[in-house]
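Note: the block below is target-v6.cif and it holds mmCIF, C-alpha atoms.
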```cif
data_work
loop_
_atom_site.label_atom_id
_atom_site.label_comp_id
_atom_site.auth_asym_id
_atom_site.auth_seq_id
_atom_site.Cartn_x
_atom_site.Cartn_y
_atom_site.Cartn_z
CA MET A 1 114.84 30.24 42.50
CA ALA A 2 116.52 32.35 39.82
CA GLU A 3 117.67 35.78 40.96
CA ARG A 4 119.68 38.59 39.39
CA LEU A 5 123.39 37.91 39.36
CA GLN A 6 124.30 41.21 41.00
CA LYS A 7 121.98 40.36 43.89
CA LEU A 8 123.51 36.91 44.34
CA ILE A 9 127.04 38.29 44.24
CA ALA A 10 126.12 40.84 46.92
CA GLN A 11 124.48 38.14 49.04
CA ALA A 12 127.67 36.08 48.84
CA GLY A 13 129.56 39.04 50.32
CA ILE A 14 131.79 39.48 47.26
CA ALA A 15 130.84 43.12 46.58
CA SER A 16 128.05 45.63 47.00
CA ARG A 17 125.17 45.48 44.51
CA ARG A 18 126.75 48.33 42.54
CA GLY A 19 130.16 46.70 42.74
CA ALA A 20 128.64 43.43 41.52
CA GLU A 21 127.18 45.22 38.51
CA GLN A 22 130.64 46.50 37.62
CA LEU A 23 132.09 42.99 37.95
CA ILE A 24 129.49 41.77 35.44
CA LEU A 25 130.19 44.62 33.02
CA ASP A 26 133.93 43.89 33.30
CA GLY A 27 133.40 40.27 32.25
CA GLU A 28 134.45 38.87 35.63
CA VAL A 29 131.30 36.74 36.10
CA SER A 30 130.38 33.45 34.46
CA VAL A 31 127.38 31.13 34.66
CA ASN A 32 127.88 27.49 33.72
CA GLY A 33 131.17 28.35 32.09
CA GLU A 34 129.87 31.24 29.96
CA ILE A 35 130.86 34.83 30.70
CA VAL A 36 127.89 37.11 31.39
CA THR A 37 128.10 40.85 30.74
CA THR A 38 124.41 41.76 30.62
CA LEU A 39 122.99 43.36 33.75
CA GLY A 40 119.76 41.79 34.91
CA THR A 41 120.76 38.26 33.90
CA LYS A 42 119.36 35.73 36.35
CA ALA A 43 120.74 32.47 37.72
CA ASP A 44 119.61 29.83 40.17
CA PRO A 45 122.39 28.95 42.64
CA GLU A 46 120.76 25.56 43.26
CA LYS A 47 121.13 24.63 39.59
CA ASP A 48 123.73 26.93 38.02
CA HIS A 49 127.49 27.20 38.65
CA ILE A 50 128.24 30.87 39.30
CA LYS A 51 131.82 32.09 39.31
CA VAL A 52 133.33 35.49 40.05
CA ARG A 53 136.91 35.94 38.85
CA GLY A 54 137.07 32.19 38.34
CA ARG A 55 135.96 31.26 41.85
CA LEU A 56 132.70 29.42 42.54
CA ILE A 57 130.43 31.44 44.84
CA ASN A 58 127.72 28.78 45.31
CA PRO A 59 129.23 27.50 48.59
CA LYS A 60 129.13 31.03 50.02
CA LEU A 61 125.45 31.31 49.14
CA THR A 62 124.66 27.91 50.65
CA ALA A 63 126.52 28.69 53.88
CA ARG A 64 124.99 32.13 54.25
CA LYS A 65 122.91 32.31 57.42
CA SER A 66 119.83 34.50 57.35
CA VAL A 67 120.13 37.49 59.68
CA TYR A 68 117.30 39.77 60.80
CA VAL A 69 117.99 42.89 62.86
CA LEU A 70 115.53 45.45 64.20
CA VAL A 71 116.92 49.00 64.21
CA ASN A 72 115.45 52.12 65.79
CA LYS A 73 116.52 54.46 62.99
CA PRO A 74 117.38 58.05 63.98
CA LYS A 75 116.60 61.05 61.80
CA GLY A 76 119.38 61.90 59.38
CA TYR A 77 120.11 58.36 58.21
CA LEU A 78 119.40 57.06 54.71
CA SER A 79 117.57 53.74 54.31
CA SER A 80 120.05 52.40 51.77
CA VAL A 81 123.30 50.46 51.46
CA SER A 82 125.12 53.26 49.61
CA ASP A 83 124.83 56.96 48.87
CA PRO A 84 126.79 59.00 46.28
CA GLU A 85 126.35 62.08 48.52
CA GLY A 86 128.09 60.40 51.42
CA ARG A 87 125.21 60.66 53.88
CA LYS A 88 124.98 58.37 56.92
CA LEU A 89 123.36 55.00 56.19
CA VAL A 90 121.07 52.90 58.37
CA THR A 91 123.40 49.96 57.67
CA ASP A 92 126.16 51.87 59.50
CA LEU A 93 124.25 51.27 62.74
CA VAL A 94 124.77 47.49 62.66
CA LYS A 95 128.26 45.99 62.66
CA GLY A 96 129.53 42.44 62.61
CA LYS A 97 126.48 40.89 60.92
CA GLY A 98 127.77 40.78 57.35
CA ARG A 99 126.26 42.61 54.41
CA LEU A 100 122.67 43.61 55.23
CA HIS A 101 120.04 45.68 53.42
CA PRO A 102 116.95 47.53 54.71
CA VAL A 103 113.50 46.00 54.31
CA GLY A 104 111.56 48.81 52.64
CA ARG A 105 112.21 52.48 53.21
CA LEU A 106 111.96 55.00 56.03
CA ASP A 107 112.74 58.46 54.73
CA PHE A 108 115.80 60.48 55.72
CA ASN A 109 113.94 62.75 58.18
CA SER A 110 111.85 59.99 59.77
CA GLU A 111 112.78 57.66 62.59
CA GLY A 112 111.68 54.38 64.11
CA LEU A 113 111.43 50.70 63.26
CA ILE A 114 113.26 49.36 60.25
CA ILE A 115 114.48 45.81 59.66
CA LEU A 116 117.89 44.97 58.18
CA THR A 117 118.46 41.53 56.69
CA ASN A 118 120.38 39.50 54.11
CA ASP A 119 117.24 37.52 53.22
CA GLY A 120 115.92 38.71 49.86
CA LYS A 121 112.85 36.47 49.97
CA PHE A 122 111.82 37.93 53.34
CA THR A 123 112.30 41.43 51.99
CA ASP A 124 110.18 40.74 48.91
CA ARG A 125 107.45 39.13 51.03
CA VAL A 126 107.17 42.12 53.37
CA ALA A 127 107.40 44.68 50.57
CA SER A 128 104.80 43.03 48.35
CA SER A 129 102.29 42.14 51.06
CA LYS A 130 99.06 44.15 51.32
CA ALA A 131 98.31 42.46 54.65
CA VAL A 132 101.36 43.60 56.66
CA ALA A 133 100.47 46.82 58.44
CA LYS A 134 103.01 49.60 58.91
CA ILE A 135 102.07 51.77 61.89
CA TYR A 136 103.36 55.29 62.49
CA GLU A 137 103.07 58.04 65.09
CA VAL A 138 102.68 61.37 63.32
CA LYS A 139 102.91 64.93 64.61
CA VAL A 140 101.53 67.64 62.33
CA LYS A 141 101.72 71.42 62.42
CA GLY A 142 98.28 72.73 63.32
CA LEU A 143 95.07 70.91 64.17
CA PRO A 144 93.34 69.26 61.18
CA ASN A 145 89.56 69.15 61.38
CA ASN A 146 87.52 65.95 61.13
CA ASN A 147 86.75 66.56 57.46
CA ALA A 148 90.45 66.63 56.56
CA ILE A 149 91.21 63.46 58.53
CA ASN A 150 88.22 61.64 57.04
CA LYS A 151 89.51 62.44 53.54
CA LEU A 152 92.76 60.71 54.43
CA ARG A 153 90.89 57.75 55.89
CA ARG A 154 88.95 57.27 52.66
CA GLY A 155 91.98 57.67 50.37
CA ILE A 156 93.18 60.78 48.58
CA LEU A 157 94.79 61.73 45.27
CA LEU A 158 98.31 63.05 45.83
CA GLU A 159 100.04 65.74 43.78
CA ASP A 160 102.21 63.13 42.07
CA GLY A 161 99.08 61.36 40.79
CA PHE A 162 99.13 58.45 43.26
CA LYS A 163 95.75 57.52 44.76
CA THR A 164 96.18 56.28 48.32
CA ALA A 165 94.25 53.32 49.67
CA PRO A 166 92.01 53.82 52.71
CA ALA A 167 94.11 54.35 55.84
CA GLU A 168 93.42 53.74 59.50
CA ILE A 169 93.92 56.98 61.44
CA ARG A 170 93.45 57.27 65.19
CA GLU A 171 93.80 60.58 67.00
CA LEU A 172 96.28 60.58 69.88
CA LYS A 173 96.54 63.25 72.56
CA SER A 174 97.14 66.50 70.68
CA THR A 175 98.45 69.82 72.01
CA ASP A 176 97.07 73.32 71.45
CA LYS A 177 99.26 73.73 68.36
CA ASN A 178 99.96 70.25 67.05
CA GLY A 179 97.88 67.25 66.10
CA TRP A 180 99.15 63.75 66.97
CA TYR A 181 97.89 60.68 65.10
CA GLU A 182 98.50 56.97 64.79
CA VAL A 183 98.44 56.12 61.07
CA THR A 184 98.26 52.55 59.77
CA LEU A 185 99.13 51.87 56.13
CA PHE A 186 99.16 48.69 54.06
CA GLU A 187 101.14 50.22 51.18
CA GLY A 188 104.45 52.03 50.86
CA HIS A 189 104.42 54.93 48.40
CA ASN A 190 107.43 57.24 48.68
CA GLN A 191 106.97 59.67 51.62
CA GLN A 192 103.27 58.79 51.57
CA ILE A 193 102.24 60.09 55.00
CA ARG A 194 103.98 63.43 54.50
CA LYS A 195 102.31 63.83 51.12
CA MET A 196 98.91 62.80 52.51
CA PHE A 197 98.90 65.51 55.17
CA ASP A 198 100.34 68.06 52.73
CA ALA A 199 97.34 67.30 50.48
CA VAL A 200 94.92 68.48 53.18
CA GLY A 201 97.01 71.52 54.12
CA TYR A 202 99.00 70.30 57.13
CA SER A 203 102.73 69.55 57.22
CA VAL A 204 104.27 66.67 59.15
CA VAL A 205 106.88 67.80 61.67
CA LYS A 206 107.64 64.39 63.24
CA LEU A 207 107.20 60.88 61.87
CA ARG A 208 108.09 57.68 63.69
CA ARG A 209 107.33 54.10 62.64
CA VAL A 210 106.42 52.04 65.68
CA ALA A 211 105.33 48.68 64.21
CA ILE A 212 105.47 46.39 61.20
CA GLY A 213 102.70 43.82 61.47
CA GLY A 214 102.74 42.61 65.07
CA LEU A 215 106.43 43.52 65.58
CA THR A 216 106.80 46.69 67.66
CA ILE A 217 109.68 49.02 68.43
CA GLY A 218 109.06 48.67 72.17
CA SER A 219 111.57 50.50 74.38
CA LEU A 220 114.57 50.12 72.05
CA PRO A 221 116.56 53.40 72.24
CA VAL A 222 117.03 55.51 69.11
CA GLY A 223 120.12 54.35 67.21
CA ASP A 224 120.19 50.94 68.88
CA SER A 225 119.44 47.54 67.37
CA ARG A 226 118.64 43.98 68.38
CA GLN A 227 118.59 40.67 66.52
CA LEU A 228 115.13 39.28 65.80
CA SER A 229 114.05 35.88 67.08
CA ASP A 230 111.95 33.35 65.18
CA GLU A 231 108.93 34.59 67.15
CA ASP A 232 109.68 38.17 66.08
CA ILE A 233 109.76 37.10 62.42
CA LYS A 234 106.40 35.34 62.83
CA ALA A 235 105.00 38.49 64.46
CA VAL A 236 105.75 40.54 61.34
CA PHE A 237 103.21 38.46 59.42
CA ALA A 238 100.75 38.04 62.29
CA SER A 239 97.62 40.15 62.52
CA ALA A 240 98.86 43.44 63.89
CA GLY A 241 95.85 44.11 66.08
CA LYS A 242 96.79 46.96 68.37
CA PRO A 243 100.46 46.60 69.32
CA ALA A 244 101.24 47.27 72.94
CA GLY A 245 104.15 48.92 74.63
CA ARG A 246 104.39 52.04 72.47
CA THR A 247 104.86 55.49 73.90
CA ARG A 248 104.74 58.83 72.12
CA ARG A 249 107.82 61.02 72.48
#
```
Would you encode the structure as C-alpha cells?
Amino acid sequence: MAERLQKLIAQAGIASRRGAEQLILDGEVSVNGEIVTTLGTKADPEKDHIKVRGRLINPKLTARKSVYVLVNKPKGYLSSVSDPEGRKLVTDLVKGKGRLHPVGRLDFNSEGLIILTNDGKFTDRVASSKAVAKIYEVKVKGLPNNNAINKLRRGILLEDGFKTAPAEIRELKSTDKNGWYEVTLFEGHNQQIRKMFDAVGYSVVKLRRVAIGGLTIGSLPVGDSRQLSDEDIKAVFASAGKPAGRTRR
C-alpha cells in the first residue's frame, strides 16, 4: 500500500516525521532512482525502491516488527511525538521499543488509556472506526440536571460549530459538589467531552479514559505501561459491552 514518504522514513527509524520531511526537502530521498523533493509524495515499499542518502530503506521496513503498548497517561503529557514548546511527551514514558506514535489523542490535562504503536494501519483503523467505543470517567464542577445530561446524550452543537453524535452517558456516584459520569463516545473531536459539558454550563475538572473498545486500563498505575498481546489487540475491535475492572479515583 502506498504511503507518504515521510511516514515510511519515520517507520524505518531513520528520522522523526518532521526530520523525514526535511530530508525530502533537502533532496536526500529517491524513489526508483529519481530524487523526490515534494512533501506528500507516496510510495509503496512492496513495489518501489526507496533510498535515503543513497541507502535502501526497504529492508528496514520489511524487518520492522509491529509493537503495541498500552500506557496509563498522566496529566501534563502531550499525546505527540514532538513539541516545539518542549513539553513532556507520552512517548517519553516508553523506552526500548523503537519509534512509536500515539493512537489518537488524549489532551494535555487528561489521563488514562492511550496506545502507542509503530503500526500505521492499526492507527488508521482505530481512528477512522465509528464502531470502536472510547469510554471515559468524567468529574464535573457542580451537579448537572437531567435536562442538561439528556441534551448531551442526544447530541449538541458546540461553540466551534461541531455537532456531536449521540453519546452514552451513565451517572456514577456523585458527591454534594461534583457530578461523576461515564461517557462513551464513538468519535474523537478535539477536547470533545470538555466542550460538551461547557456547552451546558458545567466545566470538567477531571477526565480519564478507561477503555478503547473492549480493552480496559485495569489496575495499571498512572505513568506505567505494558505491551499488548494479540488478545488485547482483538479486544480493541470487539464489542465493548461494559468493561469490567474499572475503579473511579
Ref. answer, residues at most 12 Å from (132.3, 29.6, 30.2) with all atoms listed in the file, as an NGL selection string: :A and (27-36 or 48-54)
Which residue of A:Ile217, A:Val138, A:Ile156, A:Ala12 approaches Lys173 (chain A) most closely, using all atoms listed in the file: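 Closest candidate: A:Val138.
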Residue with smallest distance to Val210 (chain A) - pool A:Phe237, A:Phe162, A:Trp180, A:Tyr136, counting all atoms listed in the file: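 Checking each candidate against Val210 (chain A), we get A:Tyr136 as the closest.
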Reference answer for the PyMOL selection byres ((chain A and resi 19-24) around 10), as a list of chain:residue names: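 Output from the PyMOL selection byres ((chain A and resi 19-24) around 10), applied to this file: A:Leu5, A:Gln6, A:Lys7, A:Leu8, A:Ile9, A:Ala10, A:Gly13, A:Ile14, A:Ala15, A:Ser16, A:Arg17, A:Arg18, A:Leu25, A:Asp26, A:Gly27, A:Glu28, A:Val29, A:Ser30, A:Ile35, A:Val36, A:Thr37, A:Thr38, A:Leu39, A:Gly40, A:Thr41, A:Val52, A:Arg53.
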Residue list as a list of chain:residue names for point (116.9, 41.7, 52.4), cut-off 7 Å, only C-alpha atoms: A:Leu100, A:His101, A:Pro102, A:Val103, A:Leu116, A:Thr117, A:Asn118, A:Asp119, A:Gly120, A:Phe122, A:Thr123
Selection under test: the PyMOL selection byres ((chain A and resi 110) around 10); residues as a PyMOL selection string: chain A and resi 73-78+105-109+111-113+138+191+205-209
Shortest interatomic distance to Ile212 (chain A) - which of A:Asn178, A:Ser66, A:Thr184, A:Ser80, counting only C-alpha atoms: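 Distance minimum relative to Ile212 (chain A) lands on A:Thr184.
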Residue neighbourhood Phe186 (chain A), 7 Å, only C-alpha atoms, exclusion window fewer than 3 positions, as a PyMOL selection string: chain A and resi 130-134
Distance query Lys141 (chain A) at most 8 Å, all atoms listed in the file, self and fewer than 3 positions along chain excluded, as a PyMOL selection string: chain A and resi 177-179+202-205
Selection result of the PyMOL selection byres ((chain A and resi 152) around 8) on this file, as a ChimeraX atom specification: /A:148-151,153-156,166-167,196-197
Between CA of Asp232 (chain A) and CA of Leu93 (chain A), distance in Å (one decimal):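 Answer for the CA of Asp232 (chain A) to CA of Leu93 (chain A) separation: 19.9 Å.
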Distance of CA of Ser79 (chain A) from CA of Pro59 (chain A), expressed in Å to one decimal place: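 Computing it gives 29.3 Å between the two atoms.
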Pick from A:Val236, A:Lys97, A:Ser82, A:Lys195, whichever lies nearest to Lys65 (chain A) using only C-alpha atoms: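 Of A:Val236, A:Lys97, A:Ser82, A:Lys195, the one nearest Lys65 (chain A) is A:Lys97, counting only C-alpha atoms.
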Gap from CA of Val69 (chain A) to CA of Ser229 (chain A) - Å, one decimal: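 Going from CA of Val69 (chain A) over to CA of Ser229 (chain A), I get 9.1 Å.
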Selected residue, from A:Asn146, A:Asn190, A:Asn72, A:Ser129, that lies nearest to Arg226 (chain A) when counting all atoms listed in the file: A:Asn72
